[in-house]
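**Q** After the structure tokens below, expect a handful of questions from me.
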Amino acid sequence: MYFRFYSRAWLVSAWFVVVFCTLAAASAHAADHYVLGMSAAFSGPSRGLGVELYRGSIACFTHINQNGGINGKPVVIITNDDGYQPNPAIMNTIEFMKKEETSCLFNYVGTPTVTRILPLLRGYNRHRKLLFFPFTGAEPQRQAPYNEYVFNLRASYRQELAGIVKQFMIIGRKRLAVFYQADAYGRSGWDGTRRALASCGLDIVGEATYRRGTRFVDSMQEQVQIIKGSRPDGVISIGSYAACAAFIRDARDMGLEVPIANVSFVGSENMLSLLQHAGKANGHDYSKNLINTQVVPSYEDLSLPAVREYRALMDSFKPAPPPEADPLYQPLKYSFTSFEGFLNAKVMTRILEKFDESPSLGLAGAAESLKDIDLGIDVTVSFGPDRHQGLNRVYFTTVRDGKFVPMLEEQWDSWRK
């Protein structure tokens with residue numbers, strides 16, 4: 001037997017944390033509805049990401065609410081637009097923190113925004129909220145000290161980029177260049193690429209950046225010239241859909257025809273739509289030799305129950321964008337982004353059901369208790385005290401018949417060098 005002595009200050013602090021968490025859980029449980037706070041890009045060049053993520057979640061929650069909610073309590077998403085900029089995301093988060101009715105933060109979009117709000121999760125004026133299922137694969141929320149306050153559903157950028165690099169190595173494309181957004185998101189992808197290449201004894205052969213907020217109409221010729229000068233076998237692109245589409249357009253116009261791979265955050269359908277419209281105007285097919293990683297299965301795979309349910313609910317409810325959304329934005333029928341939002345909502349529903357049954361667990365404990373949850377996709381979801389990421393699989397897609405579809409082995413072979 002041994003004794004451990006603690007200071008009075010530590011005991012008071014520990015008592016406060018326990019009491020605070022207990023009261024917060026009791027308050028959330030006592031409410032007649034569950035409120036999720038979502039800060040995301042609903043305006044600006046990346047607005048499609050926030051809008052589609054929201055729409056997928058709303059399709060699921062509308063169905064849940066019409067069937068009684070969480071033991072009679074509806075689930076509500078309150079939204080604030082941050083335009084994919086850190087400072088508005090911080091202010092939005094503070095607003096959510098101050099509202100006692102906000103059960104948690106949910107569906108945040110982007111690395112530059114999420115990384116800046118992480119310190120608030122540890123406590124803001126004695127308010128604390130957990131963040132569930134941000135739309136980013138970056139590392140900061142997956143590592144101490146913030147990992148305990150964040151639950152991720154999607155695979156990480158490191159996992160996506162390791163998969164891309166491995167596939168390029170298999171087909172003999174070893175000279176890889178990187179085009180990336182000049183912020184925390186782009187650097188996270190750059191680092192993931194560098195690590196994956198280093199494991200093969202290689203390094204990035206060329207790199208070029210662009211400023212967050214770049215539009216499709218902006219020129220990427222300077223960046224293409226830099227990348228082209230490195231004589232790459234392939235390009236890995238870490239950016240948002242408007243800028244990545246602009247890079248692809250200018251790369252093809254300038255004769256750079258090597259495969260270009262994008263990570264899941266890019267927003268595949270939004271990017272492809274821009275390229276298709278430009279292609280019609282310019283008489284050029286910009287959709288060739290593209291690879292996009294995804295962190296959810298294809299919404300074209302009708303063998304999966306979750307895909308059938310997602311498509312049926314999107315068709316039935318036709319969820320509208322949030323009030324803050326750009327009125328000129330045209331919602332997509334289906335997309336990888338809205339399907340991810342749909343799955344986020346399905347898992348959040350399971351967490352809220354567990355919490356409603358056992359409020360003493362708190363939301364974190366309720367989430368950590370979920371094991372081998374079958375969402376109706378091809379893998380199960382599990383969490384735990386040391387496991388705050390539910391999925392690890394990475395999927396590869398390319399463009400066929402005007403849309404992104406799962407990669408076939410012969411497609412990779414066609415790029416073999």
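We name chains A, B, ... following the order of the structure tokens; residues begin at 1 in each chain, and ligands are numbered from 1 as shown.
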Which residues of stretch 111-192 of chain A come within 10 Å of stretch 38-49 of chain A, and for each one, what is the closest pair of atoms and their distance in Å to one decimal, counting only C-alpha atoms, sorted by chain and residue number, as CSV?

**A**
residue,atom,partner,partner_atom,distance
A:Thr113,CA,A:Ala40,CA,8.4
A:Val114,CA,A:Ser39,CA,9.4
A:Leu131,CA,A:Met38,CA,9.5
A:Phe132,CA,A:Met38,CA,9.9
A:Pro134,CA,A:Met38,CA,9.5
A:Phe135,CA,A:Leu49,CA,8.7

**Q** Using DSSP on the backbone coordinates, identify all residues within stretch 113-353 of chain A classified as strand (DSSP E); present the result as a PyMOL selection string.

**A** chain A and resi 131-132+150-151+176-181+206-210+234-238+260-262+290-294

**Q** Between atom CA of A:Leu36 and atom CA of A:Leu118, what distance in Å does the model show, to one decimal?

**A**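 Separating atom CA of A:Leu36 from atom CA of A:Leu118 is a distance of 16.8 Å.
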
**Q** Write out as a ChimeraX atom specification the residues lying within 8 Å of A:Asn92, counting only C-alpha atoms and excluding same-chain residues fewer than 6 positions away.

**A** /A:39,80-82

**Q** Would you work out the distance separating atom CA of A:Asp356 from atom CA of A:Asn147, expressed in Å to one decimal?

**A**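 Computing the Euclidean distance for atom CA of A:Asp356 and atom CA of A:Asn147 yields 23.6 Å.
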
**Q** One number please: atom CA of A:Arg128 to atom CA of A:Met97, in Å, one decimal.

**A**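 About the pair atom CA of A:Arg128 and atom CA of A:Met97: they are 6.5 Å apart.
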
**Q** Of the residues A:Arg311, A:Arg215, A:Lys288, A:Lys280, which is the one nearest to A:Pro259, using only C-alpha atoms?

**A**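 Of A:Arg311, A:Arg215, A:Lys288, A:Lys280, the one nearest A:Pro259 is A:Lys288, counting only C-alpha atoms.
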
**Q** Identify, on the basis of only C-alpha atoms, every residue whose closest approach to A:Arg122 does not exceed 9 Å; exclude the query and any residue fewer than 4 positions from it along the same chain; express the result as a ChimeraX atom specification.

**A** /A:118,127-130,145-146,149

**Q** Generate the output file for the selected residues, C-alpha atoms, as an mmCIF file, in the first residue's frame.

**A**
data_model
loop_
_atom_site.group_PDB
_atom_site.id
_atom_site.type_symbol
_atom_site.label_atom_id
_atom_site.label_comp_id
_atom_site.auth_asym_id
_atom_site.auth_seq_id
_atom_site.Cartn_x
_atom_site.Cartn_y
_atom_site.Cartn_z
ATOM 1 C CA LEU A 118 -8.645 23.840 -30.128
ATOM 2 C CA HIS A 127 -17.284 26.771 -20.351
ATOM 3 C CA ARG A 128 -16.281 23.562 -22.075
ATOM 4 C CA LYS A 129 -17.580 21.793 -25.144
ATOM 5 C CA LEU A 130 -16.414 18.712 -27.017
ATOM 6 C CA PRO A 145 -3.205 17.905 -25.400
ATOM 7 C CA TYR A 146 -6.306 18.325 -27.585
ATOM 8 C CA TYR A 149 -11.591 16.976 -26.457
#

**Q** Go through A:His284, A:Lys73, A:Arg187, A:His277 one by one, measure the shortest atom-to-atom distance of each to A:Ala251 using only C-alpha atoms, and give the residue with the smallest value.

**A**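 Closest residue, counting only C-alpha atoms: A:His284.
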
**Q** Compile the contact shell of stretch 178-180 of chain A as a list in words: residues with an atom at most 6 Å away, counting only C-alpha atoms, same-chain residues fewer than 6 positions apart removed.

**A** Gly186, Glu207, Ala208, Thr209, Val235, Ile236, Ser237, Ile238 and Gly239 of chain A

**Q** Kindly provide the residues of stretch 271-318 of chain A that approach stretch 367-377 of chain A to within 12 Å, each paired with its closest atom pair and their distance in Å to one decimal, based on only C-alpha atoms, listed by chain and increasing number, as JSON lines.

**A**
{"residue": "A:Val295", "atom": "CA", "partner": "A:Ile377", "partner_atom": "CA", "distance": 11.6}
{"residue": "A:Val296", "atom": "CA", "partner": "A:Ile377", "partner_atom": "CA", "distance": 8.4}
{"residue": "A:Pro297", "atom": "CA", "partner": "A:Ile377", "partner_atom": "CA", "distance": 7.1}
{"residue": "A:Ser298", "atom": "CA", "partner": "A:Ile377", "partner_atom": "CA", "distance": 9.7}
{"residue": "A:Tyr299", "atom": "CA", "partner": "A:Ile377", "partner_atom": "CA", "distance": 10.2}
{"residue": "A:Asp301", "atom": "CA", "partner": "A:Ile377", "partner_atom": "CA", "distance": 9.6}
{"residue": "A:Leu302", "atom": "CA", "partner": "A:Ile377", "partner_atom": "CA", "distance": 10.3}
{"residue": "A:Ser303", "atom": "CA", "partner": "A:Ile377", "partner_atom": "CA", "distance": 9.1}
{"residue": "A:Leu304", "atom": "CA", "partner": "A:Ile377", "partner_atom": "CA", "distance": 5.5}
{"residue": "A:Pro305", "atom": "CA", "partner": "A:Gly376", "partner_atom": "CA", "distance": 4.8}
{"residue": "A:Ala306", "atom": "CA", "partner": "A:Gly376", "partner_atom": "CA", "distance": 4.5}
{"residue": "A:Val307", "atom": "CA", "partner": "A:Ile377", "partner_atom": "CA", "distance": 7.6}
{"residue": "A:Arg308", "atom": "CA", "partner": "A:Gly376", "partner_atom": "CA", "distance": 9.2}
{"residue": "A:Glu309", "atom": "CA", "partner": "A:Gly376", "partner_atom": "CA", "distance": 9.0}
{"residue": "A:Tyr310", "atom": "CA", "partner": "A:Gly376", "partner_atom": "CA", "distance": 10.3}

**Q** Please, which residues of stretch 88-150 of chain A, numbered as in this document, come out alpha helix (DSSP H) from DSSP, as a list of chain:residue names?

**A**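 Restricting stretch 88-150 of chain A to alpha helix (DSSP H) produces A:Pro88, A:Ala89, A:Ile90, A:Met91, A:Asn92, A:Thr93, A:Ile94, A:Glu95, A:Phe96, A:Met97, A:Lys98, A:Thr111, A:Pro112, A:Thr113, A:Val114, A:Thr115, A:Arg116, A:Ile117, A:Leu118, A:Pro119, A:Leu120, A:Leu121.
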
**Q** For a quick check of understanding, using only C-alpha atoms, which of A:Gly229, A:Gly267, A:Gly163, A:Pro86 has the smallest distance to A:Glu340?

**A**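 Using only C-alpha atoms, A:Glu340 sits closest to A:Gly267.
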
**Q** Within 12 Å of stretch 230-233 of chain A, which residues of stretch 105-169 of chain A come that close, and what is the closest atom pair and distance in Å for each? Count only C-alpha atoms and give it as a Markdown table.

**A**
| residue | atom | partner | partner_atom | distance |
| --- | --- | --- | --- | --- |
| A:Val165 | CA | A:Asp233 | CA | 11.6 |
| A:Phe168 | CA | A:Asp233 | CA | 8.8 |
| A:Met169 | CA | A:Asp233 | CA | 10.3 |

**Q** For those residues, write C-alpha atoms to a file as an mmCIF file, in the first residue's frame.

**A**
data_model
loop_
_atom_site.group_PDB
_atom_site.id
_atom_site.type_symbol
_atom_site.label_atom_id
_atom_site.label_comp_id
_atom_site.auth_asym_id
_atom_site.auth_seq_id
_atom_site.Cartn_x
_atom_site.Cartn_y
_atom_site.Cartn_z
ATOM 1 C CA VAL A 165 2.423 7.626 -52.093
ATOM 2 C CA PHE A 168 2.487 5.889 -56.874
ATOM 3 C CA MET A 169 5.477 3.808 -55.793
#

**Q** Could you give me, as a tab-separated table (two decimals) with C-alpha atoms, in the first residue's frame, the residues within 12 Å of A:Ile94, counting only C-alpha atoms and dropping anything in the same chain fewer than 2 positions from it?

**A**
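Written file, result.tsv:
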chain	number	residue	atom	x	y	z
A	37	GLY	CA	-23.07	24.06	-32.86
A	38	MET	CA	-21.54	24.07	-36.36
A	39	SER	CA	-19.06	26.70	-37.57
A	80	ASN	CA	-22.52	30.11	-37.99
A	87	ASN	CA	-10.91	34.51	-36.63
A	88	PRO	CA	-14.62	34.12	-37.39
A	89	ALA	CA	-14.35	30.46	-36.36
A	90	ILE	CA	-12.94	31.55	-33.00
A	91	MET	CA	-15.76	34.07	-32.45
A	92	ASN	CA	-18.38	31.52	-33.48
A	96	PHE	CA	-21.40	28.42	-28.87
A	97	MET	CA	-19.39	28.02	-25.66
A	98	LYS	CA	-21.42	30.69	-23.91
A	99	LYS	CA	-24.75	29.09	-24.79
A	100	GLU	CA	-25.72	26.56	-22.16
A	102	THR	CA	-25.30	23.96	-26.96
A	105	LEU	CA	-19.59	21.40	-31.34
A	116	ARG	CA	-7.24	27.76	-33.95
A	117	ILE	CA	-10.26	26.84	-31.83
A	118	LEU	CA	-8.65	23.84	-30.13
A	119	PRO	CA	-7.36	25.82	-27.11
A	120	LEU	CA	-10.92	26.96	-26.42
A	121	LEU	CA	-12.01	23.35	-25.96
A	123	GLY	CA	-12.02	25.82	-21.23
A	124	TYR	CA	-13.30	29.30	-22.01
A	125	ASN	CA	-14.53	31.31	-19.00
A	126	ARG	CA	-15.43	28.04	-17.27
A	127	HIS	CA	-17.28	26.77	-20.35
A	128	ARG	CA	-16.28	23.56	-22.08
A	129	LYS	CA	-17.58	21.79	-25.14
